[in-house]
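Structure record follows, encoded as structure tokens.
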Amino acid sequence: MRLSDMEQMTAYAEDDSLQGLGTRQRAIESWISAGLLTPKEIHEARRVLQLLRERNRARMQLN
């Protein structure tokens with residue numbers, strides 16, 4: 001079964017592990033810049049990117 005972009009972004013947002021944050025963030029950014037997403041998906045992608053960036057900042061503060 002292949003996840004849709006929306007399902008994959010939701011999984012990224014719900015994943016609490018700190019490992020791979022940069023990879024997930026770059027993947028979503030590349031989807032946006034490539035024009036692969038619908039307007040609704042872009043809105044969701046921006047929300048997920050914000051969550052990932054906040055988690056990355058929190059991780060950096062712990063180090």
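To be explicit about the labels: the chains of the structure tokens are called A, B, and onward in the order shown, and within each one the residues are counted from 1, while ligands get numbers from 1 in the order they are shown.
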Neighbour list for segment 46-63 of chain A as a list in words, cut-off 10 Å, only C-alpha atoms, skip fewer than 3 positions in-chain
Met9, Thr10, Ala11, Tyr12, Ala13, Glu14, Asp15, Asp16, Ser17, Leu18, Gln19, Leu21, Gly22, Arg24, Gln25, Arg26, Ile28, Glu29, Ile32, Glu41, Ile42 and His43 of chain A
Using DSSP on the backbone coordinates, identify the residues of chain A assigned to helix (DSSP H, G or I); present them as a tab-separated table (two decimals) with all heavy atoms, in the first residue's frame.
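Result saved to part_5.tsv:
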chain	number	residue	atom	x	y	z
A	5	ASP	N	0.50	11.64	-0.34
A	5	ASP	CA	1.32	12.72	0.21
A	5	ASP	C	0.71	13.25	1.50
A	5	ASP	O	1.42	13.53	2.47
A	5	ASP	CB	1.48	13.86	-0.80
A	5	ASP	CG	2.29	13.47	-2.01
A	5	ASP	OD1	3.06	12.49	-1.92
A	5	ASP	OD2	2.17	14.13	-3.04
A	6	MET	N	-0.60	13.38	1.53
A	6	MET	CA	-1.28	13.91	2.71
A	6	MET	C	-1.11	12.95	3.88
A	6	MET	O	-0.83	13.38	5.00
A	6	MET	CB	-2.76	14.12	2.39
A	6	MET	CG	-3.44	15.00	3.37
A	6	MET	SD	-2.96	16.71	3.10
A	6	MET	CE	-4.52	17.48	3.28
A	7	GLU	N	-1.25	11.66	3.64
A	7	GLU	CA	-1.08	10.67	4.71
A	7	GLU	C	0.36	10.65	5.22
A	7	GLU	O	0.60	10.53	6.41
A	7	GLU	CB	-1.47	9.28	4.21
A	7	GLU	CG	-2.95	9.12	3.94
A	7	GLU	CD	-3.28	7.85	3.19
A	7	GLU	OE1	-2.45	7.40	2.36
A	7	GLU	OE2	-4.37	7.30	3.43
A	8	GLN	N	1.30	10.79	4.30
A	8	GLN	CA	2.70	10.79	4.70
A	8	GLN	C	3.03	12.03	5.53
A	8	GLN	O	3.73	11.95	6.52
A	8	GLN	CB	3.61	10.71	3.48
A	8	GLN	CG	5.02	10.34	3.84
A	8	GLN	CD	5.81	9.87	2.63
A	8	GLN	OE1	5.34	9.91	1.52
A	8	GLN	NE2	7.01	9.44	2.88
A	9	MET	N	2.50	13.19	5.14
A	9	MET	CA	2.73	14.40	5.93
A	9	MET	C	2.13	14.27	7.32
A	9	MET	O	2.73	14.70	8.31
A	9	MET	CB	2.14	15.63	5.22
A	9	MET	CG	3.00	16.09	4.07
A	9	MET	SD	2.42	17.62	3.34
A	9	MET	CE	0.94	17.09	2.50
A	10	THR	N	0.94	13.68	7.40
A	10	THR	CA	0.30	13.47	8.70
A	10	THR	C	1.15	12.54	9.56
A	10	THR	O	1.35	12.78	10.75
A	10	THR	CB	-1.11	12.90	8.53
A	10	THR	OG1	-1.87	13.81	7.74
A	10	THR	CG2	-1.79	12.69	9.86
A	11	ALA	N	1.70	11.50	8.96
A	11	ALA	CA	2.58	10.58	9.69
A	11	ALA	C	3.82	11.32	10.18
A	11	ALA	O	4.27	11.11	11.31
A	11	ALA	CB	2.96	9.40	8.81
A	12	TYR	N	4.39	12.19	9.35
A	12	TYR	CA	5.56	12.98	9.75
A	12	TYR	C	5.21	13.87	10.94
A	12	TYR	O	5.99	14.02	11.87
A	12	TYR	CB	6.03	13.87	8.60
A	12	TYR	CG	6.79	13.16	7.50
A	12	TYR	CD1	7.13	13.84	6.35
A	12	TYR	CD2	7.18	11.83	7.59
A	12	TYR	CE1	7.82	13.22	5.32
A	12	TYR	CE2	7.86	11.20	6.57
A	12	TYR	CZ	8.19	11.90	5.44
A	12	TYR	OH	8.87	11.30	4.44
A	13	ALA	N	4.03	14.48	10.92
A	13	ALA	CA	3.63	15.38	11.99
A	13	ALA	C	3.41	14.63	13.30
A	13	ALA	O	3.68	15.15	14.38
A	13	ALA	CB	2.34	16.12	11.61
A	14	GLU	N	2.94	13.39	13.21
A	14	GLU	CA	2.64	12.61	14.41
A	14	GLU	C	3.84	11.86	14.94
A	14	GLU	O	3.82	11.39	16.08
A	14	GLU	CB	1.50	11.64	14.11
A	14	GLU	CG	0.18	12.34	13.83
A	14	GLU	CD	-0.90	11.41	13.36
A	14	GLU	OE1	-0.62	10.22	13.09
A	14	GLU	OE2	-2.04	11.87	13.24
A	21	LEU	N	14.50	14.13	11.46
A	21	LEU	CA	13.72	15.36	11.29
A	21	LEU	C	14.13	16.12	10.04
A	21	LEU	O	13.30	16.58	9.28
A	21	LEU	CB	13.90	16.28	12.52
A	21	LEU	CG	13.04	16.01	13.73
A	21	LEU	CD1	13.41	16.97	14.85
A	21	LEU	CD2	11.58	16.14	13.41
A	22	GLY	N	15.43	16.25	9.83
A	22	GLY	CA	15.93	16.98	8.68
A	22	GLY	C	15.51	16.34	7.37
A	22	GLY	O	15.14	17.03	6.41
A	23	THR	N	15.54	15.02	7.32
A	23	THR	CA	15.16	14.30	6.10
A	23	THR	C	13.68	14.51	5.80
A	23	THR	O	13.31	14.77	4.66
A	23	THR	CB	15.45	12.80	6.25
A	23	THR	OG1	16.83	12.63	6.55
A	23	THR	CG2	15.09	12.03	5.01
A	24	ARG	N	12.85	14.42	6.82
A	24	ARG	CA	11.41	14.62	6.63
A	24	ARG	C	11.14	16.05	6.18
A	24	ARG	O	10.32	16.29	5.29
A	24	ARG	CB	10.65	14.30	7.91
A	24	ARG	CG	10.68	12.81	8.24
A	24	ARG	CD	9.91	12.52	9.47
A	24	ARG	NE	10.58	13.14	10.62
A	24	ARG	CZ	10.60	12.62	11.82
A	24	ARG	NH1	10.00	11.50	12.07
A	24	ARG	NH2	11.23	13.23	12.81
A	25	GLN	N	11.82	16.99	6.80
A	25	GLN	CA	11.63	18.40	6.45
A	25	GLN	C	12.04	18.65	5.00
A	25	GLN	O	11.31	19.29	4.25
A	25	GLN	CB	12.45	19.28	7.40
A	25	GLN	CG	12.24	20.75	7.20
A	25	GLN	CD	12.97	21.57	8.24
A	25	GLN	OE1	13.22	21.10	9.35
A	25	GLN	NE2	13.33	22.77	7.90
A	26	ARG	N	13.19	18.14	4.59
A	26	ARG	CA	13.66	18.32	3.21
A	26	ARG	C	12.71	17.67	2.21
A	26	ARG	O	12.48	18.21	1.12
A	26	ARG	CB	15.07	17.79	3.05
A	26	ARG	CG	16.14	18.72	3.61
A	26	ARG	CD	17.53	18.28	3.24
A	26	ARG	NE	17.87	16.93	3.71
A	26	ARG	CZ	18.31	16.64	4.93
A	26	ARG	NH1	18.48	17.60	5.81
A	26	ARG	NH2	18.60	15.39	5.25
A	27	ALA	N	12.16	16.52	2.55
A	27	ALA	CA	11.23	15.84	1.64
A	27	ALA	C	10.00	16.71	1.40
A	27	ALA	O	9.59	16.90	0.24
A	27	ALA	CB	10.81	14.49	2.23
A	28	ILE	N	9.42	17.24	2.46
A	28	ILE	CA	8.23	18.07	2.31
A	28	ILE	C	8.56	19.35	1.55
A	28	ILE	O	7.81	19.78	0.67
A	28	ILE	CB	7.60	18.38	3.69
A	28	ILE	CG1	7.06	17.08	4.30
A	28	ILE	CG2	6.49	19.41	3.55
A	28	ILE	CD1	6.57	17.22	5.72
A	29	GLU	N	9.70	19.97	1.86
A	29	GLU	CA	10.09	21.18	1.15
A	29	GLU	C	10.27	20.90	-0.34
A	29	GLU	O	9.89	21.72	-1.18
A	29	GLU	CB	11.39	21.75	1.74
A	29	GLU	CG	11.18	22.36	3.10
A	29	GLU	CD	12.49	22.68	3.82
A	29	GLU	OE1	13.56	22.19	3.41
A	29	GLU	OE2	12.43	23.42	4.82
A	30	SER	N	10.80	19.73	-0.68
A	30	SER	CA	11.00	19.40	-2.10
A	30	SER	C	9.66	19.17	-2.79
A	30	SER	O	9.50	19.52	-3.96
A	30	SER	CB	11.92	18.19	-2.26
A	30	SER	OG	11.29	17.01	-1.81
A	31	TRP	N	8.68	18.58	-2.10
A	31	TRP	CA	7.35	18.40	-2.68
A	31	TRP	C	6.73	19.75	-3.02
A	31	TRP	O	6.13	19.91	-4.07
A	31	TRP	CB	6.43	17.65	-1.74
A	31	TRP	CG	6.82	16.25	-1.42
A	31	TRP	CD1	7.68	15.45	-2.13
A	31	TRP	CD2	6.39	15.49	-0.31
A	31	TRP	NE1	7.79	14.23	-1.51
A	31	TRP	CE2	7.03	14.22	-0.39
A	31	TRP	CE3	5.56	15.73	0.75
A	31	TRP	CZ2	6.81	13.22	0.55
A	31	TRP	CZ3	5.34	14.73	1.69
A	31	TRP	CH2	5.97	13.49	1.58
A	32	ILE	N	6.88	20.71	-2.09
A	32	ILE	CA	6.31	22.04	-2.31
A	32	ILE	C	6.99	22.72	-3.49
A	32	ILE	O	6.33	23.22	-4.40
A	32	ILE	CB	6.44	22.92	-1.04
A	32	ILE	CG1	5.55	22.36	0.08
A	32	ILE	CG2	6.05	24.37	-1.34
A	32	ILE	CD1	5.78	23.01	1.44
A	33	SER	N	8.32	22.73	-3.48
A	33	SER	CA	9.05	23.44	-4.54
A	33	SER	C	8.87	22.78	-5.91
A	33	SER	O	8.93	23.47	-6.93
A	33	SER	CB	10.53	23.55	-4.19
A	33	SER	OG	11.14	22.28	-4.16
A	39	PRO	N	-3.34	22.73	-3.45
A	39	PRO	CA	-3.36	23.83	-2.47
A	39	PRO	C	-3.66	23.34	-1.04
A	39	PRO	O	-3.05	23.81	-0.08
A	39	PRO	CB	-4.47	24.74	-2.99
A	39	PRO	CG	-4.43	24.53	-4.48
A	39	PRO	CD	-4.13	23.06	-4.64
A	40	LYS	N	-4.57	22.37	-0.91
A	40	LYS	CA	-4.89	21.83	0.41
A	40	LYS	C	-3.67	21.13	1.01
A	40	LYS	O	-3.37	21.27	2.19
A	40	LYS	CB	-6.06	20.86	0.32
A	40	LYS	CG	-6.50	20.30	1.65
A	40	LYS	CD	-7.69	19.38	1.48
A	40	LYS	CE	-8.09	18.79	2.82
A	40	LYS	NZ	-9.22	17.87	2.70
A	41	GLU	N	-2.96	20.37	0.18
A	41	GLU	CA	-1.76	19.67	0.64
A	41	GLU	C	-0.65	20.65	1.00
A	41	GLU	O	0.08	20.43	1.96
A	41	GLU	CB	-1.27	18.69	-0.42
A	41	GLU	CG	-2.20	17.50	-0.60
A	41	GLU	CD	-1.84	16.65	-1.80
A	41	GLU	OE1	-1.27	17.16	-2.78
A	41	GLU	OE2	-2.16	15.44	-1.76
A	42	ILE	N	-0.54	21.74	0.24
A	42	ILE	CA	0.47	22.76	0.56
A	42	ILE	C	0.18	23.38	1.93
A	42	ILE	O	1.09	23.57	2.73
A	42	ILE	CB	0.53	23.85	-0.53
A	42	ILE	CG1	1.12	23.25	-1.80
A	42	ILE	CG2	1.33	25.06	-0.08
A	42	ILE	CD1	1.04	24.16	-3.02
A	43	HIS	N	-1.09	23.64	2.19
A	43	HIS	CA	-1.46	24.19	3.50
A	43	HIS	C	-1.05	23.23	4.62
A	43	HIS	O	-0.46	23.64	5.63
A	43	HIS	CB	-2.97	24.46	3.54
A	43	HIS	CG	-3.46	24.93	4.86
A	43	HIS	ND1	-3.24	26.22	5.31
A	43	HIS	CD2	-4.13	24.30	5.85
A	43	HIS	CE1	-3.76	26.35	6.52
A	43	HIS	NE2	-4.31	25.20	6.86
A	44	GLU	N	-1.35	21.96	4.43
A	44	GLU	CA	-0.99	20.94	5.43
A	44	GLU	C	0.53	20.81	5.54
A	44	GLU	O	1.08	20.67	6.63
A	44	GLU	CB	-1.62	19.60	5.06
A	44	GLU	CG	-1.34	18.48	6.04
A	44	GLU	CD	-1.98	18.68	7.39
A	44	GLU	OE1	-2.83	19.56	7.56
A	44	GLU	OE2	-1.62	17.92	8.32
A	45	ALA	N	1.22	20.87	4.40
A	45	ALA	CA	2.68	20.76	4.40
A	45	ALA	C	3.31	21.89	5.20
A	45	ALA	O	4.25	21.66	5.96
A	45	ALA	CB	3.21	20.78	2.97
A	46	ARG	N	2.80	23.08	5.05
A	46	ARG	CA	3.34	24.22	5.81
A	46	ARG	C	3.12	24.02	7.31
A	46	ARG	O	3.98	24.35	8.12
A	46	ARG	CB	2.73	25.51	5.31
A	46	ARG	CG	3.25	25.88	3.95
A	46	ARG	CD	2.75	27.22	3.49
A	46	ARG	NE	3.38	27.57	2.22
A	46	ARG	CZ	2.75	28.14	1.21
A	46	ARG	NH1	1.48	28.46	1.32
A	46	ARG	NH2	3.39	28.41	0.11
A	47	ARG	N	1.96	23.48	7.67
A	47	ARG	CA	1.69	23.22	9.09
A	47	ARG	C	2.67	22.18	9.63
A	47	ARG	O	3.23	22.33	10.71
A	47	ARG	CB	0.24	22.72	9.26
A	47	ARG	CG	-0.17	22.51	10.71
A	47	ARG	CD	-1.54	21.85	10.79
A	47	ARG	NE	-1.52	20.47	10.39
A	47	ARG	CZ	-1.08	19.46	11.16
A	47	ARG	NH1	-0.63	19.69	12.36
A	47	ARG	NH2	-1.10	18.22	10.72
A	48	VAL	N	2.90	21.12	8.86
A	48	VAL	CA	3.82	20.06	9.27
A	48	VAL	C	5.24	20.60	9.36
A	48	VAL	O	5.97	20.30	10.30
A	48	VAL	CB	3.72	18.84	8.33
A	48	VAL	CG1	4.81	17.84	8.62
A	48	VAL	CG2	2.35	18.20	8.44
A	49	LEU	N	5.65	21.42	8.39
A	49	LEU	CA	7.00	22.01	8.43
A	49	LEU	C	7.19	22.84	9.69
A	49	LEU	O	8.25	22.80	10.30
A	49	LEU	CB	7.25	22.87	7.19
A	49	LEU	CG	7.58	22.11	5.92
A	49	LEU	CD1	7.67	23.08	4.75
A	49	LEU	CD2	8.88	21.34	6.06
A	50	GLN	N	6.16	23.58	10.07
A	50	GLN	CA	6.26	24.38	11.29
A	50	GLN	C	6.47	23.47	12.50
A	50	GLN	O	7.31	23.75	13.35
A	50	GLN	CB	5.00	25.22	11.47
A	50	GLN	CG	5.05	26.11	12.70
A	50	GLN	CD	3.81	26.97	12.84
A	50	GLN	OE1	2.87	26.87	12.04
A	50	GLN	NE2	3.80	27.81	13.83
A	51	LEU	N	5.72	22.37	12.57
A	51	LEU	CA	5.90	21.43	13.68
A	51	LEU	C	7.30	20.83	13.69
A	51	LEU	O	7.94	20.72	14.74
A	51	LEU	CB	4.87	20.29	13.58
A	51	LEU	CG	3.42	20.63	13.89
A	51	LEU	CD1	2.53	19.46	13.50
A	51	LEU	CD2	3.25	20.96	15.35
A	52	LEU	N	7.78	20.43	12.52
A	52	LEU	CA	9.12	19.84	12.44
A	52	LEU	C	10.20	20.85	12.83
A	52	LEU	O	11.16	20.49	13.53
A	52	LEU	CB	9.39	19.30	11.03
A	52	LEU	CG	8.53	18.11	10.60
A	52	LEU	CD1	8.81	17.77	9.14
A	52	LEU	CD2	8.76	16.91	11.49
A	53	ARG	N	10.05	22.09	12.40
A	53	ARG	CA	11.03	23.12	12.76
A	53	ARG	C	11.02	23.39	14.26
A	53	ARG	O	12.07	23.57	14.88
A	53	ARG	CB	10.75	24.40	11.98
A	53	ARG	CG	11.11	24.27	10.52
A	53	ARG	CD	10.77	25.51	9.74
A	53	ARG	NE	11.11	25.31	8.34
A	53	ARG	CZ	10.37	25.73	7.33
A	53	ARG	NH1	9.26	26.40	7.54
A	53	ARG	NH2	10.76	25.50	6.09
A	54	GLU	N	9.83	23.40	14.88
A	54	GLU	CA	9.74	23.58	16.33
A	54	GLU	C	10.43	22.43	17.07
A	54	GLU	O	11.14	22.65	18.05
A	54	GLU	CB	8.28	23.70	16.77
A	54	GLU	CG	7.64	25.00	16.36
A	54	GLU	CD	6.15	25.04	16.61
A	54	GLU	OE1	5.59	24.08	17.19
A	54	GLU	OE2	5.52	26.04	16.22
A	55	ARG	N	10.22	21.21	16.60
A	55	ARG	CA	10.87	20.05	17.22
A	55	ARG	C	12.38	20.12	17.05
A	55	ARG	O	13.14	19.78	17.96
A	55	ARG	CB	10.35	18.75	16.63
A	55	ARG	CG	8.96	18.45	17.07
A	55	ARG	CD	8.50	17.12	16.55
A	55	ARG	NE	7.08	16.98	16.79
A	55	ARG	CZ	6.29	16.23	16.09
A	55	ARG	NH1	6.76	15.53	15.08
A	55	ARG	NH2	5.01	16.16	16.36
A	56	ASN	N	12.83	20.58	15.89
A	56	ASN	CA	14.26	20.70	15.64
A	56	ASN	C	14.87	21.74	16.57
A	56	ASN	O	15.95	21.53	17.13
A	56	ASN	CB	14.53	21.06	14.18
A	56	ASN	CG	15.96	20.84	13.79
A	56	ASN	OD1	16.62	19.97	14.31
A	56	ASN	ND2	16.43	21.64	12.85
A	57	ARG	N	14.18	22.87	16.76
A	57	ARG	CA	14.67	23.90	17.69
A	57	ARG	C	14.74	23.36	19.11
A	57	ARG	O	15.70	23.60	19.84
A	57	ARG	CB	13.78	25.14	17.64
A	57	ARG	CG	14.10	26.07	16.50
A	57	ARG	CD	13.41	27.42	16.67
A	57	ARG	NE	11.97	27.33	16.55
A	57	ARG	CZ	11.31	27.45	15.41
A	57	ARG	NH1	11.95	27.64	14.29
A	57	ARG	NH2	10.00	27.36	15.39
A	58	ALA	N	13.72	22.62	19.51
A	58	ALA	CA	13.71	22.03	20.86
A	58	ALA	C	14.85	21.05	21.02
A	58	ALA	O	15.51	21.03	22.07
A	58	ALA	CB	12.37	21.33	21.12
A	59	ARG	N	15.13	20.27	19.99
A	59	ARG	CA	16.23	19.31	20.05
A	59	ARG	C	17.56	20.04	20.17
A	59	ARG	O	18.43	19.64	20.94
A	59	ARG	CB	16.23	18.44	18.81
A	59	ARG	CG	17.35	17.40	18.80
A	59	ARG	CD	17.38	16.61	17.56
A	59	ARG	NE	17.87	17.44	16.48
A	59	ARG	CZ	18.06	17.04	15.25
A	59	ARG	NH1	17.76	15.80	14.92
A	59	ARG	NH2	18.52	17.83	14.33
A	60	MET	N	17.71	21.13	19.43
A	60	MET	CA	18.95	21.90	19.48
A	60	MET	C	19.17	22.52	20.86
A	60	MET	O	20.30	22.61	21.33
A	60	MET	CB	18.95	22.99	18.41
A	60	MET	CG	18.90	22.44	17.01
A	60	MET	SD	20.15	21.22	16.69
A	60	MET	CE	21.15	22.10	15.57
A	61	GLN	N	18.10	22.91	21.51
A	61	GLN	CA	18.22	23.49	22.85
A	61	GLN	C	18.63	22.44	23.87
A	61	GLN	O	19.27	22.76	24.86
A	61	GLN	CB	16.91	24.14	23.27
A	61	GLN	CG	16.62	25.41	22.49
A	61	GLN	CD	15.27	26.01	22.84
A	61	GLN	OE1	14.47	25.42	23.56
A	61	GLN	NE2	15.01	27.18	22.29
A	62	LEU	N	18.26	21.18	23.64
A	62	LEU	CA	18.64	20.10	24.56
A	62	LEU	C	20.12	19.78	24.46
A	62	LEU	O	20.71	19.30	25.41
A	62	LEU	CB	17.82	18.85	24.26
A	62	LEU	CG	16.34	18.91	24.60
A	62	LEU	CD1	15.65	17.63	24.12
A	62	LEU	CD2	16.12	19.10	26.08
